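J.: Dropping in query-v6.cif, which is mmCIF, C-alpha atoms:
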data_structure
#
loop_
_atom_site.label_atom_id
_atom_site.label_comp_id
_atom_site.auth_asym_id
_atom_site.auth_seq_id
_atom_site.Cartn_x
_atom_site.Cartn_y
_atom_site.Cartn_z
CA MET B 16 29.36 47.54 29.61
CA ASP B 17 26.62 47.18 32.19
CA LEU B 18 24.87 43.96 33.17
CA GLN B 19 21.70 44.81 31.27
CA VAL B 20 23.56 45.17 27.96
CA ILE B 21 25.39 41.88 28.56
CA SER B 22 22.06 40.19 29.26
CA TYR B 23 20.56 41.50 26.01
CA LEU B 24 23.60 40.38 24.03
CA ALA B 25 23.42 36.91 25.54
CA LEU B 26 19.68 36.76 24.88
CA TYR B 27 20.18 37.27 21.14
CA THR B 28 23.65 35.80 20.63
CA ILE B 29 23.16 32.38 22.22
CA PRO B 30 20.11 31.40 20.10
CA PHE B 31 21.95 32.65 17.00
CA LEU B 32 25.04 30.58 17.79
CA LEU B 33 22.94 27.48 18.50
CA GLY B 34 21.01 27.92 15.27
CA PHE B 35 24.18 28.50 13.26
CA THR B 36 25.83 25.43 14.80
CA TRP B 37 22.82 23.30 13.87
CA TRP B 38 22.87 24.74 10.32
CA ILE B 39 26.53 23.72 9.99
CA LEU B 40 25.90 20.22 11.37
CA VAL B 41 22.96 19.66 9.01
CA ARG B 42 25.20 20.49 6.04
CA VAL B 43 28.24 18.55 7.20
CA THR B 44 26.38 15.35 8.11
CA PRO B 45 25.52 14.25 4.51
CA ILE B 46 29.20 14.68 3.62
CA LEU B 47 30.34 12.52 6.52
CA PHE B 48 27.48 10.03 6.09
CA PRO B 49 26.25 10.09 2.47
CA PRO B 50 22.58 9.05 2.19
CA ILE B 51 21.62 6.09 0.05
CA SER B 52 20.10 6.75 -3.37
CA ASN B 53 18.32 4.98 -6.24
CA LYS B 54 16.95 2.30 -3.91
CA LEU B 55 13.61 0.69 -3.13
CA ILE B 56 13.29 1.35 0.61
CA CYS B 57 10.66 0.22 3.10
CA LEU B 58 10.18 1.47 6.63
CA LEU B 59 8.67 -1.25 8.82
CA ILE B 60 6.76 0.15 11.82
CA ALA B 61 4.41 -1.24 14.44
CA HIS B 62 1.83 1.52 14.84
CA PRO B 63 0.51 4.62 13.08
CA ASP B 64 2.54 7.54 14.53
CA ASP B 65 5.79 5.51 14.81
CA GLU B 66 6.90 7.03 11.51
CA ALA B 67 6.52 10.57 12.87
CA MET B 68 7.66 10.00 16.46
CA PHE B 69 10.80 8.03 15.65
CA PHE B 70 11.72 8.08 11.95
CA SER B 71 10.91 11.60 10.70
CA PRO B 72 14.54 12.57 9.93
CA THR B 73 15.03 9.33 7.98
CA ILE B 74 11.87 9.75 5.92
CA VAL B 75 12.47 13.43 5.17
CA ALA B 76 16.05 12.70 4.10
CA LEU B 77 15.48 9.60 1.99
CA THR B 78 12.38 10.91 0.19
CA ALA B 79 14.32 13.91 -1.15
CA PRO B 80 13.66 13.94 -4.94
CA HIS B 81 17.33 14.22 -5.91
CA LEU B 82 18.08 10.83 -4.26
CA ASN B 83 15.59 9.07 -6.54
CA ASN B 84 14.53 6.53 -3.91
CA GLN B 85 11.17 4.80 -3.84
CA PHE B 86 10.16 4.98 -0.20
CA GLU B 87 7.38 2.79 1.20
CA LEU B 88 5.79 2.32 4.62
CA LEU B 89 4.56 -0.95 6.09
CA CYS B 90 2.65 -0.76 9.39
CA LEU B 91 1.53 -4.01 11.06
CA CYS B 92 -0.99 -2.70 13.59
CA SER B 93 -3.72 -0.09 13.27
CA GLY B 94 -4.37 0.43 16.97
CA LYS B 95 -6.23 -0.97 19.98
CA ASP B 96 -9.69 0.45 19.31
CA PRO B 97 -11.43 -1.19 16.32
CA ALA B 98 -13.69 1.87 16.02
CA LEU B 99 -10.67 4.10 15.40
CA ARG B 100 -8.73 1.89 13.01
CA GLU B 101 -9.93 3.58 9.83
CA LYS B 102 -9.18 6.97 11.35
CA ARG B 103 -5.71 5.83 12.36
CA LYS B 104 -5.07 4.68 8.79
CA LYS B 105 -6.09 8.05 7.39
CA GLU B 106 -3.85 9.77 9.93
CA LEU B 107 -0.91 7.61 8.83
CA TYR B 108 -1.53 8.55 5.20
CA LYS B 109 -1.64 12.24 6.09
CA SER B 110 1.49 12.06 8.23
CA ALA B 111 3.40 10.14 5.55
CA ALA B 112 2.45 12.75 2.96
CA ILE B 113 3.67 15.57 5.20
CA LEU B 114 7.01 13.81 5.66
CA GLY B 115 7.51 13.24 1.94
CA VAL B 116 6.03 9.86 0.94
CA ARG B 117 4.61 10.85 -2.41
CA THR B 118 1.68 8.49 -2.90
CA PHE B 119 -0.73 6.57 -0.68
CA ALA B 120 -0.10 3.46 -2.79
CA LEU B 121 3.26 3.26 -1.03
CA VAL B 122 1.70 3.09 2.45
CA SER B 123 0.37 -0.27 3.70
CA ILE B 124 -1.24 -0.83 7.09
CA GLY B 125 -2.33 -4.09 8.63
CA ASN B 126 -5.54 -4.90 10.45
CA ASP B 127 -4.53 -8.19 12.04
CA ASP B 128 -5.56 -9.05 15.58
CA ARG B 129 -2.48 -11.28 15.87
CA PHE B 130 -0.51 -8.03 16.24
CA PRO B 131 -2.08 -6.44 19.36
CA ASP B 132 -1.17 -2.87 20.24
CA ASP B 133 0.50 -3.43 23.60
CA MET B 134 3.96 -2.22 24.56
CA ASN B 135 4.44 -5.18 26.90
CA ILE B 136 3.75 -7.83 24.27
CA MET B 137 6.43 -9.29 22.02
CA TRP B 138 4.91 -10.37 18.72
CA ASP B 139 6.02 -13.75 17.43
CA PRO B 140 9.05 -13.14 15.14
CA ASN B 141 7.88 -16.00 12.93
CA LEU B 142 4.53 -14.25 12.50
CA VAL B 143 6.22 -10.96 11.61
CA ALA B 144 8.49 -12.81 9.19
CA SER B 145 5.49 -14.47 7.54
CA VAL B 146 4.01 -11.10 6.57
CA LEU B 147 7.08 -9.73 4.79
CA PRO B 148 7.29 -12.08 1.78
CA LYS B 149 3.64 -11.34 1.00
CA VAL B 150 4.65 -7.71 0.49
CA PHE B 151 8.15 -7.93 -0.94
CA VAL B 152 8.45 -11.24 -2.83
CA LYS B 153 7.16 -11.38 -6.40
CA THR B 154 6.48 -14.71 -8.10
CA HIS B 155 6.99 -14.71 -11.87
CA ASP B 156 5.15 -16.77 -14.47
CA ASP B 157 7.93 -19.36 -14.50
CA SER B 158 7.51 -19.80 -10.71
CA THR B 159 10.80 -18.08 -9.94
CA ARG B 160 10.68 -15.66 -7.03
CA GLU B 161 12.23 -12.21 -6.76
CA LEU B 162 12.76 -10.09 -3.67
CA CYS B 163 11.65 -6.56 -4.59
CA LEU B 164 13.41 -4.69 -1.80
CA ASP B 165 16.80 -3.01 -1.51
CA VAL B 166 16.67 -1.58 2.01
CA LEU B 167 14.50 -2.41 5.03
CA ILE B 168 14.51 -0.02 7.99
CA THR B 169 12.99 -0.70 11.41
CA PHE B 170 13.63 -0.46 15.17
CA ASP B 171 16.60 -2.15 16.84
CA ASN B 172 16.35 -4.98 19.36
CA GLN B 173 15.66 -2.49 22.17
CA GLY B 174 12.84 -0.73 20.33
CA VAL B 175 13.83 2.82 21.50
CA SER B 176 11.80 2.41 24.70
CA PHE B 177 12.05 -1.37 25.17
CA GLN B 178 8.60 -1.42 23.58
CA GLY B 179 7.69 -5.04 22.89
CA ASN B 180 5.92 -4.43 19.58
CA HIS B 181 8.87 -2.40 18.28
CA ARG B 182 11.43 -5.00 19.30
CA SER B 183 9.44 -7.73 17.56
CA LEU B 184 9.86 -6.02 14.20
CA TYR B 185 13.64 -6.22 14.44
CA HIS B 186 13.66 -9.88 15.38
CA GLY B 187 11.05 -10.75 12.75
CA ALA B 188 12.83 -8.87 9.95
CA LEU B 189 16.22 -10.37 10.80
CA HIS B 190 14.76 -13.85 11.08
CA TRP B 191 13.12 -13.51 7.66
CA LEU B 192 16.28 -12.29 5.92
CA LYS B 193 18.36 -15.05 7.47
CA SER B 194 15.86 -17.68 6.38
CA ILE B 195 15.51 -16.83 2.68
CA GLY B 196 19.15 -17.40 1.77
CA GLN B 197 20.29 -16.23 -1.65
CA MET B 198 17.30 -13.95 -2.22
CA ALA B 199 18.46 -11.70 0.62
CA ASP B 200 21.99 -11.21 -0.71
CA ASN B 201 21.24 -7.76 -2.10
CA THR B 202 18.94 -6.52 0.65
CA THR B 203 20.18 -4.42 3.57
CA LEU B 204 18.53 -4.14 6.99
CA TYR B 205 19.09 -0.98 9.04
CA SER B 206 17.88 -0.49 12.61
CA LEU B 207 17.25 2.73 14.51
CA THR B 208 19.70 3.11 17.40
CA THR B 209 18.29 3.18 20.93
CA THR B 210 20.03 5.67 23.24
CA ASN B 211 19.98 6.02 27.00
CA ILE B 212 17.23 8.08 28.59
CA TYR B 213 19.46 11.14 29.09
CA ARG B 214 20.37 11.42 25.41
CA LYS B 215 16.84 10.55 24.42
CA TYR B 216 15.43 13.75 25.92
CA ILE B 217 18.06 16.38 25.16
CA SER B 218 16.56 17.08 21.75
CA LEU B 219 18.95 18.54 19.17
CA PHE B 220 21.78 18.84 21.69
CA ASP B 221 22.43 15.14 21.11
CA ALA B 222 23.65 15.82 17.55
CA PRO B 223 27.39 16.21 18.38
CA ILE B 224 27.30 13.05 20.49
CA THR B 225 25.55 11.12 17.72
CA ILE B 226 27.97 12.25 15.03
CA ALA B 227 31.07 11.65 17.17
CA SER B 228 30.00 8.16 18.26
CA ALA B 229 29.09 7.22 14.68
CA LEU B 230 32.45 8.41 13.37
CA LEU B 231 34.35 6.52 16.06
CA SER B 232 32.50 3.25 15.52
CA ARG B 233 32.00 3.08 11.77
CA ALA B 234 33.93 0.59 9.67
CA LYS B 235 35.51 1.19 6.29
CA PRO B 236 32.82 0.45 3.67
CA GLY B 237 33.38 -2.49 1.37
CA ILE B 238 33.31 -2.15 -2.39
CA GLY B 239 29.77 -1.99 -3.70
CA ARG B 240 28.26 -2.19 -0.23
CA LEU B 241 25.94 0.23 1.48
CA PRO B 242 27.45 2.01 4.50
CA ASP B 243 27.40 0.41 7.93
CA GLN B 244 25.87 3.54 9.44
CA LEU B 245 23.52 6.29 8.34
CA VAL B 246 23.02 9.55 10.22
CA PHE B 247 20.25 12.03 9.46
CA LEU B 248 19.82 15.48 10.98
CA SER B 249 16.71 17.39 10.01
CA SER B 250 16.98 20.95 8.81
CA PHE B 251 14.68 23.53 10.40
CA SER B 252 12.08 22.80 7.73
CA GLY B 253 12.45 19.05 8.32
CA TYR B 254 12.05 19.57 12.05
CA LEU B 255 8.82 21.49 11.42
CA LYS B 256 7.58 18.70 9.15
CA ALA B 257 8.06 16.21 11.99
CA GLN B 258 6.07 18.42 14.35
CA GLN B 259 3.33 18.88 11.75
CA ALA B 260 3.20 15.15 11.03
CA MET B 261 2.49 14.53 14.71
CA GLU B 262 0.25 17.49 15.52
CA ASN B 263 -1.69 17.70 12.24
CA GLY B 264 -1.33 14.14 10.98
CA HIS B 265 -1.98 12.24 14.21
CA GLN B 266 -4.41 14.56 15.96
CA ASN B 267 -6.19 11.60 17.54
CA GLN B 268 -2.95 10.60 19.32
CA MET B 269 -1.82 14.00 20.58
CA LEU B 270 -2.13 13.49 24.32
CA TRP B 271 -0.13 15.70 26.70
CA PHE B 272 2.93 13.42 26.87
CA ARG B 273 3.26 13.44 23.08
CA TYR B 274 3.72 17.22 23.13
CA TRP B 275 6.53 16.54 25.60
CA TRP B 276 8.00 14.05 23.11
CA VAL B 277 7.77 16.47 20.18
CA GLY B 278 9.49 19.17 22.19
CA LEU B 279 12.29 17.18 23.82
CA SER B 280 12.95 13.93 21.98
CA ARG B 281 16.11 13.65 19.88
CA TYR B 282 14.26 11.34 17.48
CA ILE B 283 12.22 14.24 16.12
CA GLY B 284 15.37 15.77 14.64
CA ILE B 285 18.09 13.09 14.79
CA ASN B 286 18.26 9.50 13.53
CA ASP B 287 21.23 7.18 13.39
CA LEU B 288 20.81 3.78 11.76
CA LYS B 289 23.10 0.77 11.93
CA LYS B 290 23.34 -1.98 9.35
CA LYS B 291 22.26 -5.35 10.73
CA TRP B 292 22.03 -7.33 7.51
CA PRO B 293 24.14 -8.45 5.80
CA ALA B 294 26.30 -8.54 8.93
CA ARG B 295 29.92 -9.45 9.25
CA GLY B 296 30.12 -13.01 10.50
CA TRP B 297 27.07 -14.21 8.58
CA VAL B 298 27.35 -16.19 5.37
CA ALA B 299 24.50 -17.61 3.37
CA ASP B 300 24.17 -21.34 2.90
CA HIS B 301 22.41 -21.19 -0.44
CA ASN B 302 21.83 -24.93 -0.54
CA SER B 303 19.80 -25.02 2.65
CA GLY B 304 18.35 -21.52 2.43
CA GLN B 305 19.66 -20.75 5.89
CA ALA B 306 22.23 -18.33 7.25
CA LEU B 307 25.23 -19.49 9.25
CA GLN B 308 26.59 -17.44 12.13
CA THR B 309 30.27 -17.41 12.98
CA SER B 310 31.26 -17.09 16.61
CA TRP B 311 32.86 -13.65 16.44
CA ASP B 312 29.86 -11.55 15.43
CA LYS B 313 26.50 -12.06 17.09
CA ASN B 314 23.40 -9.90 16.64
#
Since I need it in another form, could you write the structure as structure tokens?

T.:
Amino acid sequence: MDLQVISYLALYTIPFLLGFTWWILVRVTPILFPPISNKLICLLIAHPDDEAMFFSPTIVALTAPHLNNQFELLCLCSGKDPALREKRKKELYKSAAILGVRTFALVSIGNDDRFPDDMNIMWDPNLVASVLPKVFVKTHDDSTRELCLDVLITFDNQGVSFQGNHRSLYHGALHWLKSIGQMADNTTLYSLTTTNIYRKYISLFDAPITIASALLSRAKPGIGRLPDQLVFLSSFSGYLKAQQAMENGHQNQMLWFRYWWVGLSRYIGINDLKKKWPARGWVADHNSGQALQTSWDKN
């Protein structure tokens, strides 16, 4: 067999093997990490385009009709330029629809100058926490309050890129849940895992690493509890939805480096989420409405 034939075989065989491997991983992952179902879920983001750049696999997976979830989006900032804020809102609606959020009524976006769009600024966690009950807490006629939220998803304390606005969401959400005591007993907070820069830009090749590390670190689930970890790998159609959400949904934001992100970032096709609340080592003091932290598990 001459070199030219070997080259042609490699040219066609390698892409086929990579595609087949991804197809297998996409089908095995929900068996290893079953997705949550029949829940009221909210994704808390800082800016329009965060949902597409970072959380596409999560949205595509959890909005699947057979899971029967109600999936909502809450965005705290509509951008730096006041003249573009309405356009950014419309882009968020379009992107959310592409990814599977079924109605615009489930997408909320803030227009509050106390949340400036600046990657170097940490928003006040107390300010972030003050917004959440306005969205998720319902007061009944008898003055009793109910938390209408099963699962809250946001960035982790490193914010994927150590982005200040992203990190603030984690601290604000955790602070809020710790402060409301008994009401938060049945609500789960998941955060998107930040990886190192090498894994961040190897696209779909990070899938085996993600799955292996999640399997090695996950704990045995408790009875009636949601899993400690969730892993989502987008199918080829889901991957295309993420690209479309960025390129068609957020046309105003598609600068050259965002094409780089869409092409190389693992977050376009891979998400792994870790449960941060309720966390082992935290118990609610229902009398004071505060949460108590034991010394062996710190967030």

J.: Quick one: everything within 12 Å of B:Leu88, counting all atoms listed in the file, minus sequence neighbours fewer than 4 positions away in the same chain. Send it as number ranges by chain.

T.: B: 55-67, 70, 74, 78, 104, 107-108, 110-112, 114-125, 150-151, 166-169

J.: Return the single residue from B:His190, B:Arg100, B:Arg160, B:Arg182 that is closest to B:Asp133, with distances computed using only C-alpha atoms.

T.: B:Arg182

J.: Find, counting only C-alpha atoms, the residue in B:Phe31, B:Phe177, B:Tyr274, B:Tyr254 that gets nearest to B:Leu219.

T.: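 Of all the options, B:Tyr254 lies closest to B:Leu219.
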
J.: To test your reading of the syntax: which residues would the PyMOL selection byres ((chain B and resi 218) around 9) return for the file shown? Reply as a list in words.

T.: Arg214, Lys215, Tyr216, Ile217, Leu219, Phe220, Asp221, Ala222, Val277, Gly278, Leu279, Ser280, Arg281, Tyr282, Ile283, Gly284 and Ile285 of chain B

J.: To one decimal place, how far is atom CA of B:Phe251 from atom CA of B:Asn211 in Å?

T.: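 Computing the Euclidean distance for atom CA of B:Phe251 and atom CA of B:Asn211 yields 24.7 Å.
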
J.: Translate the PyMOL selection byres ((chain B and resi 50) around 10), as applied to the file shown, into an explicit residue set as a PyMOL selection string.

T.: chain B and resi 44-49+51-52+73+76-77+82+241-242+244-247

J.: Nearest to B:Ser93: which of B:Pro148, B:Pro223, B:Pro131, B:Pro80 is it, counting only C-alpha atoms?

T.: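 Closest to B:Ser93 of all the choices is B:Pro131.
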
J.: Please identify all polymer residues within 7 Å of B:Cys163, counting only C-alpha atoms, omitting same-chain residues fewer than 2 positions from it, and present them as a list in words.

T.: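 Near B:Cys163, the qualifying residues are Phe151, Val152, Lys153, Glu161 and Asp165 of chain B.
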
J.: Please return stretch 129-140 of chain B, rebuilt to all heavy atoms, as a PDB file, in the coordinates of the input.

T.:
ATOM      1  N   ARG B 129      -3.641 -10.546  15.347  1.00  0.00           N
ATOM      2  CA  ARG B 129      -2.480 -11.280  15.870  1.00  0.00           C
ATOM      3  C   ARG B 129      -1.345 -10.334  16.235  1.00  0.00           C
ATOM      4  O   ARG B 129      -0.359 -10.752  16.843  1.00  0.00           O
ATOM      5  CB  ARG B 129      -2.004 -12.296  14.830  1.00  0.00           C
ATOM      6  CG  ARG B 129      -3.007 -13.414  14.535  1.00  0.00           C
ATOM      7  CD  ARG B 129      -2.500 -14.329  13.447  1.00  0.00           C
ATOM      8  NE  ARG B 129      -2.272 -13.603  12.196  1.00  0.00           N
ATOM      9  CZ  ARG B 129      -1.698 -14.139  11.121  1.00  0.00           C
ATOM     10  NH1 ARG B 129      -1.286 -15.399  11.155  1.00  0.00           N
ATOM     11  NH2 ARG B 129      -1.532 -13.421  10.021  1.00  0.00           N
ATOM     12  N   PHE B 130      -1.491  -9.051  15.878  1.00  0.00           N
ATOM     13  CA  PHE B 130      -0.510  -8.030  16.240  1.00  0.00           C
ATOM     14  C   PHE B 130      -1.173  -7.013  17.171  1.00  0.00           C
ATOM     15  O   PHE B 130      -1.522  -5.899  16.765  1.00  0.00           O
ATOM     16  CB  PHE B 130       0.028  -7.334  14.990  1.00  0.00           C
ATOM     17  CG  PHE B 130       0.770  -8.247  14.051  1.00  0.00           C
ATOM     18  CD1 PHE B 130       0.285  -8.488  12.784  1.00  0.00           C
ATOM     19  CD2 PHE B 130       1.948  -8.861  14.443  1.00  0.00           C
ATOM     20  CE1 PHE B 130       0.963  -9.320  11.908  1.00  0.00           C
ATOM     21  CE2 PHE B 130       2.634  -9.705  13.579  1.00  0.00           C
ATOM     22  CZ  PHE B 130       2.141  -9.934  12.309  1.00  0.00           C
ATOM     23  N   PRO B 131      -1.403  -7.356  18.444  1.00  0.00           N
ATOM     24  CA  PRO B 131      -2.080  -6.440  19.360  1.00  0.00           C
ATOM     25  C   PRO B 131      -1.220  -5.232  19.715  1.00  0.00           C
ATOM     26  O   PRO B 131       0.004  -5.341  19.824  1.00  0.00           O
ATOM     27  CB  PRO B 131      -2.332  -7.309  20.605  1.00  0.00           C
ATOM     28  CG  PRO B 131      -1.263  -8.351  20.550  1.00  0.00           C
ATOM     29  CD  PRO B 131      -1.031  -8.628  19.086  1.00  0.00           C
ATOM     30  N   ASP B 132      -1.860  -4.109  19.869  1.00  0.00           N
ATOM     31  CA  ASP B 132      -1.170  -2.870  20.240  1.00  0.00           C
ATOM     32  C   ASP B 132      -0.969  -2.866  21.750  1.00  0.00           C
ATOM     33  O   ASP B 132      -1.833  -2.459  22.516  1.00  0.00           O
ATOM     34  CB  ASP B 132      -2.025  -1.674  19.797  1.00  0.00           C
ATOM     35  CG  ASP B 132      -1.338  -0.342  20.054  1.00  0.00           C
ATOM     36  OD1 ASP B 132      -0.258  -0.328  20.682  1.00  0.00           O
ATOM     37  OD2 ASP B 132      -1.874   0.694  19.633  1.00  0.00           O
ATOM     38  N   ASP B 133       0.192  -3.340  22.171  1.00  0.00           N
ATOM     39  CA  ASP B 133       0.500  -3.430  23.600  1.00  0.00           C
ATOM     40  C   ASP B 133       2.014  -3.404  23.760  1.00  0.00           C
ATOM     41  O   ASP B 133       2.710  -4.298  23.281  1.00  0.00           O
ATOM     42  CB  ASP B 133      -0.073  -4.725  24.186  1.00  0.00           C
ATOM     43  CG  ASP B 133       0.018  -4.775  25.711  1.00  0.00           C
ATOM     44  OD1 ASP B 133       1.009  -4.253  26.266  1.00  0.00           O
ATOM     45  OD2 ASP B 133      -0.892  -5.336  26.342  1.00  0.00           O
ATOM     46  N   MET B 134       2.515  -2.398  24.441  1.00  0.00           N
ATOM     47  CA  MET B 134       3.960  -2.220  24.560  1.00  0.00           C
ATOM     48  C   MET B 134       4.634  -3.345  25.340  1.00  0.00           C
ATOM     49  O   MET B 134       5.843  -3.540  25.246  1.00  0.00           O
ATOM     50  CB  MET B 134       4.274  -0.871  25.221  1.00  0.00           C
ATOM     51  CG  MET B 134       3.875  -0.735  26.666  1.00  0.00           C
ATOM     52  SD  MET B 134       4.313   0.874  27.347  1.00  0.00           S
ATOM     53  CE  MET B 134       6.105   0.832  27.207  1.00  0.00           C
ATOM     54  N   ASN B 135       3.870  -4.110  26.096  1.00  0.00           N
ATOM     55  CA  ASN B 135       4.440  -5.180  26.900  1.00  0.00           C
ATOM     56  C   ASN B 135       4.422  -6.534  26.195  1.00  0.00           C
ATOM     57  O   ASN B 135       4.898  -7.528  26.758  1.00  0.00           O
ATOM     58  CB  ASN B 135       3.689  -5.289  28.227  1.00  0.00           C
ATOM     59  CG  ASN B 135       3.817  -4.028  29.064  1.00  0.00           C
ATOM     60  OD1 ASN B 135       4.924  -3.519  29.244  1.00  0.00           O
ATOM     61  ND2 ASN B 135       2.697  -3.513  29.555  1.00  0.00           N
ATOM     62  N   ILE B 136       3.862  -6.566  24.994  1.00  0.00           N
ATOM     63  CA  ILE B 136       3.750  -7.830  24.270  1.00  0.00           C
ATOM     64  C   ILE B 136       4.785  -7.901  23.156  1.00  0.00           C
ATOM     65  O   ILE B 136       4.908  -6.985  22.341  1.00  0.00           O
ATOM     66  CB  ILE B 136       2.331  -8.007  23.700  1.00  0.00           C
ATOM     67  CG1 ILE B 136       1.320  -8.214  24.832  1.00  0.00           C
ATOM     68  CG2 ILE B 136       2.279  -9.182  22.722  1.00  0.00           C
ATOM     69  CD1 ILE B 136      -0.108  -8.369  24.364  1.00  0.00           C
ATOM     70  N   MET B 137       5.516  -9.004  23.131  1.00  0.00           N
ATOM     71  CA  MET B 137       6.430  -9.290  22.020  1.00  0.00           C
ATOM     72  C   MET B 137       5.661 -10.118  20.987  1.00  0.00           C
ATOM     73  O   MET B 137       5.171 -11.204  21.295  1.00  0.00           O
ATOM     74  CB  MET B 137       7.639 -10.073  22.517  1.00  0.00           C
ATOM     75  CG  MET B 137       8.652  -9.270  23.295  1.00  0.00           C
ATOM     76  SD  MET B 137       9.690  -8.223  22.237  1.00  0.00           S
ATOM     77  CE  MET B 137      10.662  -9.469  21.380  1.00  0.00           C
ATOM     78  N   TRP B 138       5.537  -9.591  19.783  1.00  0.00           N
ATOM     79  CA  TRP B 138       4.910 -10.370  18.720  1.00  0.00           C
ATOM     80  C   TRP B 138       5.837 -11.529  18.329  1.00  0.00           C
ATOM     81  O   TRP B 138       7.065 -11.418  18.408  1.00  0.00           O
ATOM     82  CB  TRP B 138       4.648  -9.500  17.512  1.00  0.00           C
ATOM     83  CG  TRP B 138       3.654  -8.397  17.738  1.00  0.00           C
ATOM     84  CD1 TRP B 138       2.662  -8.368  18.670  1.00  0.00           C
ATOM     85  CD2 TRP B 138       3.575  -7.151  17.031  1.00  0.00           C
ATOM     86  NE1 TRP B 138       1.961  -7.184  18.579  1.00  0.00           N
ATOM     87  CE2 TRP B 138       2.502  -6.430  17.582  1.00  0.00           C
ATOM     88  CE3 TRP B 138       4.305  -6.599  15.976  1.00  0.00           C
ATOM     89  CZ2 TRP B 138       2.140  -5.164  17.110  1.00  0.00           C
ATOM     90  CZ3 TRP B 138       3.953  -5.352  15.507  1.00  0.00           C
ATOM     91  CH2 TRP B 138       2.868  -4.633  16.068  1.00  0.00           C
ATOM     92  N   ASP B 139       5.249 -12.595  17.874  1.00  0.00           N
ATOM     93  CA  ASP B 139       6.020 -13.750  17.430  1.00  0.00           C
ATOM     94  C   ASP B 139       6.868 -13.378  16.213  1.00  0.00           C
ATOM     95  O   ASP B 139       6.318 -12.978  15.177  1.00  0.00           O
ATOM     96  CB  ASP B 139       5.045 -14.878  17.069  1.00  0.00           C
ATOM     97  CG  ASP B 139       5.751 -16.165  16.663  1.00  0.00           C
ATOM     98  OD1 ASP B 139       6.995 -16.161  16.542  1.00  0.00           O
ATOM     99  OD2 ASP B 139       5.052 -17.168  16.446  1.00  0.00           O
ATOM    100  N   PRO B 140       8.206 -13.482  16.293  1.00  0.00           N
ATOM    101  CA  PRO B 140       9.050 -13.140  15.140  1.00  0.00           C
ATOM    102  C   PRO B 140       8.698 -13.936  13.885  1.00  0.00           C
ATOM    103  O   PRO B 140       8.799 -13.429  12.773  1.00  0.00           O
ATOM    104  CB  PRO B 140      10.461 -13.462  15.628  1.00  0.00           C
ATOM    105  CG  PRO B 140      10.382 -13.377  17.113  1.00  0.00           C
ATOM    106  CD  PRO B 140       9.006 -13.849  17.469  1.00  0.00           C
TER     107      PRO B 140
END
